[in-house]
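A.B. asks: Okay, so here is my_file_15.txt, and as you'll see once you scroll down, it has compact mmCIF, C-alpha atoms and all ligand atoms.
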```txt
# COMPACT_ATOMS: atom_id res chain seq x y z
CA MET A 1 36.30 14.61 40.32
CA LYS A 2 33.08 15.49 42.12
CA ALA A 3 31.06 12.80 43.89
CA LEU A 4 28.07 12.51 46.20
CA VAL A 5 29.60 11.00 49.34
CA ASN A 6 28.02 9.29 52.34
CA ARG A 7 30.42 9.05 55.30
CA LYS A 8 27.96 7.93 57.97
CA TYR A 9 24.71 5.99 58.17
CA GLY A 10 21.47 7.69 59.09
CA SER A 11 20.11 10.87 57.68
CA LEU A 12 20.26 11.99 54.07
CA LYS A 13 21.61 15.28 55.48
CA SER A 14 25.01 13.63 55.82
CA LEU A 15 25.33 13.33 52.03
CA THR A 16 27.89 15.82 50.74
CA ILE A 17 29.38 16.82 47.41
CA GLU A 18 33.13 16.34 47.66
CA GLU A 19 36.20 16.51 45.47
CA VAL A 20 37.65 12.96 45.45
CA PRO A 21 40.36 11.26 43.35
CA THR A 22 39.20 9.97 39.95
CA PRO A 23 39.37 6.15 40.19
CA SER A 24 42.33 4.46 38.58
CA ILE A 25 41.65 1.25 36.64
CA LYS A 26 43.18 -2.22 36.78
CA SER A 27 44.06 -4.13 33.61
CA ASP A 28 40.58 -5.73 33.41
CA GLU A 29 38.62 -2.58 34.23
CA VAL A 30 36.99 0.24 32.32
CA LEU A 31 36.73 3.90 33.34
CA VAL A 32 33.36 5.43 32.50
CA LYS A 33 32.49 9.12 32.37
CA VAL A 34 29.06 9.00 33.94
CA LYS A 35 26.36 10.85 32.01
CA ALA A 36 23.31 9.75 34.04
CA VAL A 37 22.62 7.61 37.10
CA SER A 38 19.26 6.51 38.49
CA ILE A 39 18.27 5.97 42.13
CA ASN A 40 17.19 2.60 43.48
CA ASP A 41 15.76 1.46 46.79
CA TRP A 42 19.13 -0.18 47.51
CA ASP A 43 20.97 3.18 47.37
CA LEU A 44 18.59 4.63 49.94
CA GLY A 45 18.89 1.58 52.21
CA MET A 46 22.70 1.69 52.02
CA ILE A 47 22.81 5.42 52.77
CA LYS A 48 20.56 5.02 55.79
CA GLY A 49 22.08 1.67 56.83
CA SER A 50 18.47 0.76 57.43
CA SER A 51 18.71 -3.03 57.45
CA PHE A 52 21.15 -5.64 58.69
CA VAL A 53 21.51 -6.81 55.09
CA ASN A 54 22.57 -3.28 54.01
CA ARG A 55 25.15 -3.14 56.80
CA MET A 56 26.46 -6.62 56.03
CA GLN A 57 27.19 -5.36 52.55
CA SER A 58 28.60 -1.95 53.40
CA GLY A 59 30.04 -2.17 56.94
CA LEU A 60 28.38 -2.76 60.29
CA PHE A 61 28.98 0.65 61.96
CA LYS A 62 30.30 2.86 59.20
CA PRO A 63 29.70 2.72 55.43
CA LYS A 64 32.63 1.32 53.49
CA LEU A 65 30.79 1.99 50.26
CA GLN A 66 30.71 5.77 50.46
CA ILE A 67 29.85 6.58 46.85
CA LEU A 68 26.60 4.80 46.00
CA GLY A 69 24.66 4.77 42.74
CA SER A 70 24.47 1.45 40.92
CA ASP A 71 22.66 2.14 37.66
CA VAL A 72 24.83 4.20 35.35
CA ALA A 73 25.04 5.16 31.71
CA GLY A 74 28.05 6.92 30.24
CA VAL A 75 31.00 6.89 27.89
CA VAL A 76 34.14 4.76 28.18
CA VAL A 77 37.16 7.06 28.60
CA SER A 78 39.85 4.55 29.47
CA VAL A 79 40.28 0.75 29.20
CA GLY A 80 42.69 -1.64 30.91
CA SER A 81 45.08 -3.72 28.80
CA GLU A 82 43.04 -6.93 29.22
CA VAL A 83 39.68 -5.40 28.30
CA THR A 84 38.30 -6.89 25.09
CA LYS A 85 34.66 -5.86 24.92
CA PHE A 86 34.93 -2.06 25.02
CA ARG A 87 36.86 0.76 23.41
CA ILE A 88 37.29 4.41 24.31
CA GLY A 89 34.20 6.32 23.18
CA ASP A 90 31.74 3.41 23.57
CA ARG A 91 28.35 4.29 25.10
CA VAL A 92 27.68 1.84 27.92
CA TYR A 93 25.28 1.17 30.77
CA GLY A 94 24.95 -1.28 33.63
CA ASP A 95 24.22 -2.07 37.27
CA LEU A 96 27.33 -1.80 39.45
CA SER A 97 25.73 -3.10 42.66
CA ASN A 98 27.83 -6.30 42.45
CA ASN A 99 30.94 -4.17 42.21
CA GLN A 100 31.08 -1.44 44.83
CA PHE A 101 28.42 0.89 43.33
CA GLY A 102 30.21 4.26 42.64
CA GLY A 103 27.78 5.83 40.16
CA PHE A 104 26.99 9.06 42.03
CA ALA A 105 30.17 10.60 40.64
CA GLU A 106 31.65 12.13 37.51
CA TYR A 107 33.66 8.96 36.76
CA THR A 108 33.35 5.34 37.86
CA ALA A 109 35.61 2.32 37.34
CA THR A 110 34.26 -1.19 36.93
CA TYR A 111 34.95 -4.60 35.39
CA GLU A 112 33.78 -4.98 31.82
CA LYS A 113 31.35 -7.75 32.79
CA HIS A 114 29.19 -5.16 34.58
CA LEU A 115 28.62 -3.12 31.42
CA CYS A 116 26.69 -3.52 28.21
CA HIS A 117 26.73 -1.45 25.01
CA MET A 118 23.76 0.90 24.59
CA PRO A 119 21.77 0.93 21.35
CA GLU A 120 22.76 3.96 19.27
CA SER A 121 19.31 5.48 19.56
CA MET A 122 19.05 5.08 23.35
CA PRO A 123 19.63 8.30 25.32
CA PHE A 124 21.71 8.17 28.52
CA ASP A 125 18.77 8.97 30.83
CA ILE A 126 16.63 6.15 29.41
CA ALA A 127 19.58 3.75 29.78
CA ALA A 128 20.49 4.74 33.34
CA ALA A 129 16.95 4.02 34.51
CA ILE A 130 16.97 0.43 33.22
CA PRO A 131 19.58 -1.91 34.70
CA GLN A 132 18.35 -2.96 38.16
CA ALA A 133 14.59 -2.53 37.83
CA GLY A 134 14.60 -3.79 34.22
CA MET A 135 16.51 -6.96 35.16
CA LEU A 136 14.29 -7.61 38.21
CA ALA A 137 11.17 -7.29 36.04
CA TYR A 138 12.61 -9.47 33.28
CA GLN A 139 13.85 -12.19 35.61
CA ALA A 140 10.59 -12.24 37.63
CA LEU A 141 8.60 -12.72 34.42
CA TYR A 142 10.83 -15.20 32.59
CA ASP A 143 12.88 -17.22 35.11
CA PHE A 144 10.16 -19.09 37.04
CA ILE A 145 7.00 -19.53 35.02
CA GLU A 146 5.77 -19.62 31.45
CA ILE A 147 3.42 -16.71 30.86
CA ARG A 148 0.29 -18.16 29.21
CA ASP A 149 -2.65 -16.61 27.39
CA GLY A 150 -5.42 -15.52 29.73
CA MET A 151 -3.25 -15.42 32.85
CA ARG A 152 -4.28 -13.09 35.65
CA ILE A 153 -1.22 -11.34 37.03
CA LEU A 154 -0.95 -8.87 39.93
CA ILE A 155 2.03 -6.62 40.60
CA ASN A 156 2.26 -5.13 44.08
CA GLY A 157 4.19 -1.84 43.99
CA ALA A 158 3.26 -1.53 40.32
CA GLY A 159 4.20 2.14 39.95
CA GLY A 160 7.90 1.66 40.66
CA GLY A 161 10.71 0.72 38.31
CA VAL A 162 9.90 -3.00 38.21
CA GLY A 163 6.16 -2.56 37.64
CA THR A 164 6.57 -0.01 34.86
CA TYR A 165 9.02 -2.21 32.92
CA ALA A 166 7.00 -5.40 33.56
CA VAL A 167 3.81 -3.95 32.03
CA GLN A 168 5.70 -3.11 28.84
CA MET A 169 7.20 -6.61 28.66
CA LEU A 170 3.68 -8.07 28.95
CA ARG A 171 1.97 -5.66 26.57
CA ASP A 172 1.85 -7.94 23.52
CA LEU A 173 0.56 -10.90 25.51
CA ASN A 174 -3.03 -11.69 26.24
CA VAL A 175 -2.90 -11.41 30.04
CA HIS A 176 -4.99 -9.51 32.59
CA LEU A 177 -2.75 -7.28 34.68
CA THR A 178 -3.67 -5.68 38.00
CA GLY A 179 -1.44 -3.04 39.58
CA VAL A 180 -1.40 -2.18 43.28
CA ASP A 181 0.08 1.17 44.31
CA ALA A 182 -0.88 4.63 45.62
CA GLU A 183 -3.89 6.38 44.03
CA VAL A 184 -1.69 9.06 42.45
CA LYS A 185 -0.28 6.39 40.09
CA ARG A 186 -3.67 5.01 38.91
CA GLU A 187 -3.96 7.04 35.72
CA MET A 188 -0.36 6.49 34.64
CA LEU A 189 -0.57 2.72 35.22
CA LEU A 190 -3.89 2.25 33.41
CA SER A 191 -2.60 4.28 30.46
CA MET A 192 0.52 2.07 30.33
CA GLY A 193 -1.52 -1.11 29.96
CA TYR A 194 -2.58 -2.26 33.42
CA ASN A 195 -6.16 -3.56 33.14
CA ALA A 196 -7.11 -2.91 36.77
CA PHE A 197 -5.78 -0.83 39.63
CA LYS A 198 -6.03 -1.08 43.43
CA ASP A 199 -5.01 1.63 45.86
CA TYR A 200 -3.02 -0.07 48.64
CA LYS A 201 -4.00 2.67 51.09
CA LYS A 202 -7.70 1.80 50.67
CA VAL A 203 -7.78 -1.94 50.02
CA ASP A 204 -5.75 -4.98 50.94
CA PHE A 205 -5.68 -7.12 47.79
CA THR A 206 -5.12 -10.26 49.88
CA LYS A 207 -8.54 -9.77 51.47
CA LEU A 208 -10.52 -9.44 48.22
CA ALA A 209 -12.24 -12.22 46.25
CA ASP A 210 -10.15 -11.75 43.06
CA LYS A 211 -7.67 -14.55 42.37
CA TYR A 212 -4.47 -14.56 40.33
CA ASP A 213 -2.18 -17.01 38.55
CA LEU A 214 0.90 -14.96 39.33
CA ILE A 215 1.69 -12.34 41.98
CA ILE A 216 4.91 -10.33 41.63
CA ASP A 217 5.61 -8.43 44.82
CA CYS A 218 8.00 -5.50 45.22
CA LYS A 219 6.83 -4.90 48.79
CA THR A 220 6.26 -8.34 50.44
CA ASN A 221 4.48 -6.76 53.38
CA LYS A 222 1.63 -9.22 54.14
CA PRO A 223 1.70 -12.47 56.10
CA LEU A 224 2.94 -15.09 53.62
CA SER A 225 -0.13 -17.31 54.17
CA LYS A 226 -2.37 -14.54 52.77
CA TYR A 227 -0.86 -14.64 49.31
CA ALA A 228 -1.84 -18.31 48.88
CA LYS A 229 -5.47 -17.36 49.51
CA VAL A 230 -5.58 -15.11 46.43
CA LEU A 231 -3.69 -17.48 44.13
CA ASN A 232 -5.43 -19.97 41.82
CA ASP A 233 -4.64 -23.68 42.32
CA ASP A 234 -1.45 -23.73 40.26
CA GLY A 235 -0.65 -20.07 41.00
CA MET A 236 2.75 -18.71 41.94
CA TYR A 237 3.94 -15.93 44.25
CA ILE A 238 7.26 -14.26 43.40
CA THR A 239 8.90 -11.79 45.75
CA ILE A 240 11.28 -9.19 44.41
CA GLY A 241 11.90 -7.27 47.61
CA GLY A 242 10.32 -5.63 50.63
CA ASP A 243 10.20 -6.93 54.21
CA MET A 244 13.62 -8.61 54.49
CA ILE A 245 12.55 -11.26 57.04
CA LYS A 246 9.75 -12.41 54.73
CA VAL A 247 11.99 -12.30 51.66
CA ILE A 248 14.63 -14.44 53.42
CA ARG A 249 11.92 -16.91 54.57
CA ILE A 250 10.91 -17.38 50.95
CA LEU A 251 14.49 -17.58 49.74
CA LEU A 252 15.40 -20.29 52.25
CA GLY A 253 12.07 -22.05 52.63
CA SER A 254 10.15 -21.97 49.35
CA LYS A 255 9.58 -25.75 49.40
CA SER A 256 8.24 -25.77 52.96
CA LEU A 257 5.98 -22.79 52.21
CA GLU A 258 4.60 -24.66 49.20
CA LYS A 259 3.94 -27.69 51.38
CA LYS A 260 2.27 -25.58 54.08
CA TYR A 261 0.13 -23.28 51.93
CA GLY A 262 -0.30 -25.34 48.72
CA ARG A 263 1.03 -22.66 46.35
CA LYS A 264 4.49 -22.01 44.87
CA TYR A 265 6.67 -19.28 46.43
CA ASN A 266 9.80 -17.96 44.73
CA CYS A 267 12.31 -15.16 45.17
CA VAL A 268 14.15 -13.30 42.42
CA GLN A 269 17.87 -13.30 43.12
CA LEU A 270 19.00 -10.54 40.81
CA SER A 271 21.48 -11.60 38.17
CA THR A 272 22.80 -8.13 37.40
CA ASN A 273 22.89 -7.04 33.76
CA ARG A 274 22.22 -10.57 32.44
CA ASN A 275 19.36 -9.65 30.11
CA LEU A 276 20.40 -6.16 29.01
CA PRO A 277 20.88 -7.45 25.41
CA GLU A 278 17.21 -8.55 25.39
CA ILE A 279 16.22 -5.13 26.77
CA ASN A 280 18.26 -3.45 24.01
CA GLN A 281 16.27 -5.43 21.45
CA LEU A 282 12.92 -4.50 23.04
CA TYR A 283 14.00 -0.84 23.04
CA GLU A 284 15.07 -0.94 19.39
CA GLU A 285 11.74 -2.55 18.43
CA GLY A 286 9.96 0.33 20.21
CA LYS A 287 8.43 -2.03 22.77
CA LEU A 288 10.08 -0.71 25.92
CA THR A 289 11.28 2.57 27.33
CA SER A 290 11.92 4.06 30.77
CA ILE A 291 9.34 6.00 32.72
CA ILE A 292 11.29 8.87 34.23
CA ASP A 293 10.06 11.44 36.74
CA PRO A 294 9.89 14.90 35.11
CA ARG A 295 12.05 16.45 37.87
CA ARG A 296 15.72 16.21 36.89
CA PHE A 297 18.64 16.55 39.27
CA THR A 298 22.36 17.14 38.87
CA LEU A 299 25.18 15.77 41.01
CA LEU A 300 25.19 19.06 42.93
CA SER A 301 21.52 18.54 43.80
CA GLY A 302 22.09 14.83 44.51
CA ARG A 303 20.98 15.09 48.14
CA GLU A 304 17.75 16.73 47.00
CA ALA A 305 17.28 13.88 44.50
CA MET A 306 17.64 11.26 47.26
CA THR A 307 15.23 13.20 49.50
CA TYR A 308 12.70 13.40 46.67
CA TYR A 309 13.08 9.65 46.00
CA ALA A 310 12.64 8.88 49.71
CA SER A 311 9.45 11.00 49.83
CA GLY A 312 7.72 8.59 47.41
CA GLU A 313 6.27 11.57 45.48
CA HIS A 314 8.01 10.67 42.24
CA LEU A 315 6.33 9.07 39.22
CA GLY A 316 8.82 6.74 37.56
CA LYS A 317 12.57 6.57 38.01
CA VAL A 318 14.45 9.46 39.62
CA LEU A 319 17.45 10.50 37.53
CA ILE A 320 20.63 12.40 38.28
CA VAL A 321 22.16 13.79 35.12
CA ILE A 322 25.86 14.56 35.44
CA GLU A 323 26.64 18.02 34.13
CA GLU A 324 29.79 18.62 32.02
N1 LIG B 401 15.63 -9.58 44.62
C1 LIG B 401 16.75 -8.93 44.41
O1 LIG B 401 17.79 -9.53 44.11
C2 LIG B 401 16.76 -7.44 44.53
C3 LIG B 401 17.87 -6.69 44.12
C4 LIG B 401 17.79 -5.31 44.20
C5 LIG B 401 16.65 -4.70 44.69
N2 LIG B 401 15.61 -5.47 45.10
C6 LIG B 401 14.34 -4.91 45.63
O2 LIG B 401 13.45 -4.86 44.52
C7 LIG B 401 12.47 -3.87 44.76
C8 LIG B 401 12.55 -2.93 43.58
O3 LIG B 401 11.31 -2.51 43.22
P1 LIG B 401 11.15 -1.15 42.41
O4 LIG B 401 12.47 -0.76 41.82
O5 LIG B 401 10.02 -1.28 41.52
O6 LIG B 401 10.87 -0.19 43.65
P2 LIG B 401 10.37 1.31 43.65
O7 LIG B 401 10.71 1.95 42.34
O8 LIG B 401 10.82 1.90 44.92
O9 LIG B 401 8.77 1.13 43.63
C9 LIG B 401 8.01 0.59 44.64
C10 LIG B 401 6.58 1.04 44.42
O10 LIG B 401 5.76 0.50 45.45
C11 LIG B 401 4.91 1.52 45.96
N3 LIG B 401 4.50 1.21 47.33
C12 LIG B 401 4.96 1.74 48.49
N4 LIG B 401 4.34 1.14 49.54
C13 LIG B 401 3.48 0.24 49.01
C14 LIG B 401 2.57 -0.68 49.58
N5 LIG B 401 2.42 -0.81 50.90
N6 LIG B 401 1.84 -1.47 48.76
C15 LIG B 401 1.98 -1.37 47.42
N7 LIG B 401 2.83 -0.51 46.81
C16 LIG B 401 3.58 0.28 47.60
C17 LIG B 401 5.80 2.73 45.86
O11 LIG B 401 5.01 3.88 45.97
P3 LIG B 401 5.58 5.17 46.73
O12 LIG B 401 6.61 5.71 45.79
O13 LIG B 401 4.36 5.99 46.85
O14 LIG B 401 6.16 4.74 48.04
C18 LIG B 401 6.43 2.55 44.49
O15 LIG B 401 5.59 2.99 43.45
C19 LIG B 401 12.87 -3.17 46.04
O16 LIG B 401 12.12 -3.72 47.11
C20 LIG B 401 14.36 -3.54 46.19
O17 LIG B 401 14.79 -3.53 47.51
C21 LIG B 401 15.64 -6.81 45.00
```
Just give me the structure as structure tokens.
C.D. replies:
Amino acid sequence: MKALVNRKYGSLKSLTIEEVPTPSIKSDEVLVKVKAVSINDWDLGMIKGSSFVNRMQSGLFKPKLQILGSDVAGVVVSVGSEVTKFRIGDRVYGDLSNNQFGGFAEYTATYEKHLCHMPESMPFDIAAAIPQAGMLAYQALYDFIEIRDGMRILINGAGGGVGTYAVQMLRDLNVHLTGVDAEVKREMLLSMGYNAFKDYKKVDFTKLADKYDLIIDCKTNKPLSKYAKVLNDDGMYITIGGDMIKVIRILLGSKSLEKKYGRKYNCVQLSTNRNLPEINQLYEEGKLTSIIDPRRFTLLSGREAMTYYASGEHLGKVLIVIEE
């Protein structure tokens, strides 16, 4: 089969299309013919080996995980003897980041627990965009706090995967939602339901007078003390990702941060695929879909897709559609 392979850390130029063996499956695994795969920040970090955390996961000096791509949608073509949930021909999707990635390829093998059935009406590209960003948005909104009427919520990095799913999850609720991102995303975000927009290149939201009950941060790039200053008395700050040192400080020291700054700090620790059934329901009720960049890529143009993603010029999720 063909796959987009990364044999050394560093530049995206080292990504190559190669002919590699189709994975064989164990008795509790499923082989999926990949139809579409979306790109996440994690893929880029693992290709570049940009942080210590990335290298801890994929090898200190050389990538052990050479075929990345976590968020896949496709068709089951083979099942192990112990698999109970899926049959050949099932349409499935899921985040494989807890199981060796492997989505930038024509076929991928994974345990059944990493996959979920797709609703019949859901196309593969919509599905492939959802798993990681959709779960991060869902778990940030529902795992830590009860969303109440009249809440003022800010999402930093609102134009990415997380922010575009979160606004749809909040649409029926009576909350005031502010998005922070680059100017080019203003119109799209306001039309999706954000009530206010701030361009991070022009203003620092932590220095303005506006206060929030909840901040969800995909960037975590300000001193942690600053977030407390723009939170109401019982407000909460939730990091999803960004500056790793700050994220780890919150993960390990949320109680001491609360004591020091008088506001609650939390960190989403992604539980992959956990709430895909709830997402399926939202999709079937017409309440949620994926915002996908109009440029489409194939496996053969996979390196171009990664380069485009890294440029930050995209609007919505960047998709690689696997040609027949
Ligand atoms: N907590 C966990 O367990 C876990 C698991 C997996 C991933 N993650 C992390 O979760 C995050 C995923 O977020 P996502 O999928 O929504 O990311 P994304 O799609 O890459 O979107 C991030 C958005 O932030 C914008 N942005 C860039 N610099 C900014 C700044 N200084 N201030 C405000 N906005 C800025 C980006 O714009 P441009 O496109 O213009 O740059 C983009 O629209 C990533 O940080 C990822 O590493 C966390």
A.B. asks: With distances taken over all atoms listed in the file, which residue among A:Ala166, A:Leu141, A:Ile292, A:Ile155 lies nearest Tyr309 of chain A?
C.D. replies: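 For Tyr309 of chain A, the nearest of the candidates is A:Ile292.
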A.B. asks: For a quick check of your reading of the model, name the residues lying within 8 Å of the coordinate (1.4, -15.3, 35.0), counting only C-alpha atoms, and write them as a list in words.
C.D. replies: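 Checking each residue against the 8 Å limit leaves Leu141, Ile145, Glu146, Ile147, Arg148, Met151, Arg152, Ile153, Val175, Tyr212, Asp213, Leu214, Ile215, Gly235 and Met236 of chain A.
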A.B. asks: I need the residues from that last selection saved to file as a PDB file, keeping the file's coordinate frame (with C-alpha atoms), if you can.
C.D. replies:
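Contents of the output file again-v4.pdb:
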```pdb
ATOM      1  CA  LEU A 141       8.600 -12.720  34.420  1.00  0.00           C
ATOM      2  CA  ILE A 145       7.000 -19.530  35.020  1.00  0.00           C
ATOM      3  CA  GLU A 146       5.770 -19.620  31.450  1.00  0.00           C
ATOM      4  CA  ILE A 147       3.420 -16.710  30.860  1.00  0.00           C
ATOM      5  CA  ARG A 148       0.290 -18.160  29.210  1.00  0.00           C
ATOM      6  CA  MET A 151      -3.250 -15.420  32.850  1.00  0.00           C
ATOM      7  CA  ARG A 152      -4.280 -13.090  35.650  1.00  0.00           C
ATOM      8  CA  ILE A 153      -1.220 -11.340  37.030  1.00  0.00           C
ATOM      9  CA  VAL A 175      -2.900 -11.410  30.040  1.00  0.00           C
ATOM     10  CA  TYR A 212      -4.470 -14.560  40.330  1.00  0.00           C
ATOM     11  CA  ASP A 213      -2.180 -17.010  38.550  1.00  0.00           C
ATOM     12  CA  LEU A 214       0.900 -14.960  39.330  1.00  0.00           C
ATOM     13  CA  ILE A 215       1.690 -12.340  41.980  1.00  0.00           C
ATOM     14  CA  GLY A 235      -0.650 -20.070  41.000  1.00  0.00           C
ATOM     15  CA  MET A 236       2.750 -18.710  41.940  1.00  0.00           C
TER      16      MET A 236
END
```
A.B. asks: Looking at A:Leu136, A:Leu154, A:Val34, A:Met118, which one is nearest to ligand LIG 401 (chain B), with distances taken over all atoms listed in the file?
C.D. replies: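 Residue with the minimum atom-to-atom distance to ligand LIG 401 (chain B): A:Leu136.
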A.B. asks: Looking at only C-alpha atoms, which of A:Val180, A:Leu31, A:Ala129, A:Ile245 is the one that sits closest to Asp90 of chain A?
C.D. replies: A:Leu31
A.B. asks: Taking only C-alpha atoms and all ligand atoms into account, produce a table as a Markdown table in which each residue of chain A with an atom at most 7 Å from an atom of ligand LIG 401 (chain B) appears once, together with its shortest atom pair and the distance in Å to one decimal, ordered by chain and rising number.
C.D. replies:
```
| residue | atom | partner | partner_atom | distance |
| --- | --- | --- | --- | --- |
| A:Asn40 | CA | B:LIG401 | O4 | 6.0 |
| A:Asp41 | CA | B:LIG401 | O17 | 5.1 |
| A:Trp42 | CA | B:LIG401 | O17 | 5.5 |
| A:Gln132 | CA | B:LIG401 | C4 | 6.5 |
| A:Ala133 | CA | B:LIG401 | O4 | 4.9 |
| A:Leu136 | CA | B:LIG401 | C2 | 6.8 |
| A:Asn156 | CA | B:LIG401 | C15 | 5.0 |
| A:Gly157 | CA | B:LIG401 | O10 | 3.2 |
| A:Ala158 | CA | B:LIG401 | C10 | 5.9 |
| A:Gly159 | CA | B:LIG401 | O15 | 3.9 |
| A:Gly160 | CA | B:LIG401 | O9 | 3.1 |
| A:Gly161 | CA | B:LIG401 | O5 | 3.8 |
| A:Val162 | CA | B:LIG401 | O5 | 3.7 |
| A:Gly163 | CA | B:LIG401 | O5 | 5.6 |
| A:Val180 | CA | B:LIG401 | C15 | 5.4 |
| A:Asp181 | CA | B:LIG401 | N7 | 4.1 |
| A:Ala182 | CA | B:LIG401 | O13 | 5.6 |
| A:Tyr200 | CA | B:LIG401 | N6 | 5.1 |
| A:Cys218 | CA | B:LIG401 | C7 | 4.8 |
| A:Lys219 | CA | B:LIG401 | O16 | 5.7 |
| A:Asn221 | CA | B:LIG401 | N5 | 6.8 |
| A:Ile240 | CA | B:LIG401 | N1 | 4.4 |
| A:Gly241 | CA | B:LIG401 | O16 | 3.6 |
| A:Gly242 | CA | B:LIG401 | O16 | 4.4 |
| A:Cys267 | CA | B:LIG401 | N1 | 6.5 |
| A:Val268 | CA | B:LIG401 | N1 | 4.6 |
| A:Gln269 | CA | B:LIG401 | O1 | 3.9 |
| A:Leu270 | CA | B:LIG401 | O1 | 3.7 |
| A:Gly312 | CA | B:LIG401 | O12 | 3.5 |
| A:Glu313 | CA | B:LIG401 | O12 | 5.9 |
| A:His314 | CA | B:LIG401 | O12 | 6.3 |
| A:Lys317 | CA | B:LIG401 | O7 | 6.6 |
```
A.B. asks: Between atom CA of Arg91 of chain A and atom CA of Met306 of chain A, what is the spacing in Å?
C.D. replies: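 So the answer is 25.6 Å.
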A.B. asks: Pick out the closest residue to Tyr93 of chain A from this set: A:Thr16, A:Asn6, A:Ser11, A:Thr272. Count all atoms listed in the file.
C.D. replies: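 Residue with the minimum atom-to-atom distance to Tyr93 of chain A: A:Thr272.
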A.B. asks: Counting all atoms listed in the file, which of A:Gly316, A:Pro277, A:Gly302, A:Pro21 gets nearest to Gly69 of chain A?
C.D. replies: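 Once distances to Gly69 of chain A are computed over all atoms listed in the file, the minimum belongs to A:Gly302.
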A.B. asks: Taking only C-alpha atoms into account, name the residue in A:Lys229, A:His117, A:Arg303, A:Lys246 that is nearest to Leu276 of chain A.
C.D. replies: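 Closest residue, counting only C-alpha atoms: A:His117.
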A.B. asks: Find the spatial neighbours of Tyr165 of chain A, counting all atoms listed in the file, within a cut-off of 8 Å - ignore same-chain residues fewer than 6 positions away - and output them as a PDB file with C-alpha atoms, in the frame of the given file.
C.D. replies:
```pdb
ATOM      1  CA  ALA A 133      14.590  -2.530  37.830  1.00  0.00           C
ATOM      2  CA  GLY A 134      14.600  -3.790  34.220  1.00  0.00           C
ATOM      3  CA  ALA A 137      11.170  -7.290  36.040  1.00  0.00           C
ATOM      4  CA  LEU A 288      10.080  -0.710  25.920  1.00  0.00           C
ATOM      5  CA  THR A 289      11.280   2.570  27.330  1.00  0.00           C
ATOM      6  CA  SER A 290      11.920   4.060  30.770  1.00  0.00           C
TER       7      SER A 290
END
```
A.B. asks: Need the shell around segment 45-62 of chain A: protein/DNA/RNA residues with any atom at most 10 Å away, counting only C-alpha atoms. Skip same-chain ones fewer than 4 positions apart. Format as an MDAnalysis selection string?
C.D. replies: chainID A and resid 5:12 14:15 40:41 66:69 100 243:244 306 310
A.B. asks: Can you spit out the residues from that selection as a CSV table (one decimal), in the frame of the given file, using C-alpha atoms?
C.D. replies:
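The file below, out01.csv, is the result:
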```csv
chain,number,residue,atom,x,y,z
A,5,VAL,CA,29.6,11.0,49.3
A,6,ASN,CA,28.0,9.3,52.3
A,7,ARG,CA,30.4,9.0,55.3
A,8,LYS,CA,28.0,7.9,58.0
A,9,TYR,CA,24.7,6.0,58.2
A,10,GLY,CA,21.5,7.7,59.1
A,11,SER,CA,20.1,10.9,57.7
A,12,LEU,CA,20.3,12.0,54.1
A,14,SER,CA,25.0,13.6,55.8
A,15,LEU,CA,25.3,13.3,52.0
A,40,ASN,CA,17.2,2.6,43.5
A,41,ASP,CA,15.8,1.5,46.8
A,66,GLN,CA,30.7,5.8,50.5
A,67,ILE,CA,29.8,6.6,46.8
A,68,LEU,CA,26.6,4.8,46.0
A,69,GLY,CA,24.7,4.8,42.7
A,100,GLN,CA,31.1,-1.4,44.8
A,243,ASP,CA,10.2,-6.9,54.2
A,244,MET,CA,13.6,-8.6,54.5
A,306,MET,CA,17.6,11.3,47.3
A,310,ALA,CA,12.6,8.9,49.7
```
A.B. asks: Can you tell me how far atom CA of Glu19 of chain A sits from atom CA of Thr298 of chain A, in Å to one decimal?
C.D. replies: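 Interatomic distance, atom CA of Glu19 of chain A to atom CA of Thr298 of chain A: 15.3 Å.
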A.B. asks: State, in Å with one decimal place, the distance from atom CA of Leu315 of chain A to atom CA of Asp293 of chain A.
C.D. replies: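 Atom-to-atom, atom CA of Leu315 of chain A and atom CA of Asp293 of chain A are spaced 5.1 Å apart.
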A.B. asks: May I have the protein, DNA and RNA residues with any atom at most 6 Å from the point (6.6, -13.3, 40.9), counting all atoms listed in the file, written as a list in words?
C.D. replies: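 Collected hits near the coordinates: Ala140, Ile215, Ile216, Tyr237, Ile238 and Thr239 of chain A.
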A.B. asks: Could those selected residues go to a file with C-alpha atoms, as a compact mmCIF listing (two decimals), in the frame of the given file?
C.D. replies:
```txt
# COMPACT_ATOMS: atom_id res chain seq x y z
CA ALA A 140 10.59 -12.24 37.63
CA ILE A 215 1.69 -12.34 41.98
CA ILE A 216 4.91 -10.33 41.63
CA TYR A 237 3.94 -15.93 44.25
CA ILE A 238 7.26 -14.26 43.40
CA THR A 239 8.90 -11.79 45.75
```
A.B. asks: Show which residues sit within 6 Å of Gly80 of chain A, as a ChimeraX atom specification. Count all atoms listed in the file, and ignore same-chain residues fewer than 4 positions away.
C.D. replies: /A:26-29
A.B. asks: Please produce an output containing C-alpha atoms for each residue in the selection, written as a PDB file, in the coordinates of the input.
C.D. replies:
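Okay, result_28.pdb is ready:
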```
ATOM      1  CA  LYS A  26      43.180  -2.220  36.780  1.00  0.00           C
ATOM      2  CA  SER A  27      44.060  -4.130  33.610  1.00  0.00           C
ATOM      3  CA  ASP A  28      40.580  -5.730  33.410  1.00  0.00           C
ATOM      4  CA  GLU A  29      38.620  -2.580  34.230  1.00  0.00           C
TER       5      GLU A  29
END
```
A.B. asks: Around all the atoms of segment 47-63 of chain A listed in the file, draw an axis-aligned box and extend it by 5 Å on each of the six sides; I want its centre and edge lengths in Å to one decimal, as JSON.
C.D. replies:
```
{"center_x": 24.4, "center_y": -0.7, "center_z": 57.3, "size_x": 21.8, "size_y": 22.2, "size_z": 19.4}
```
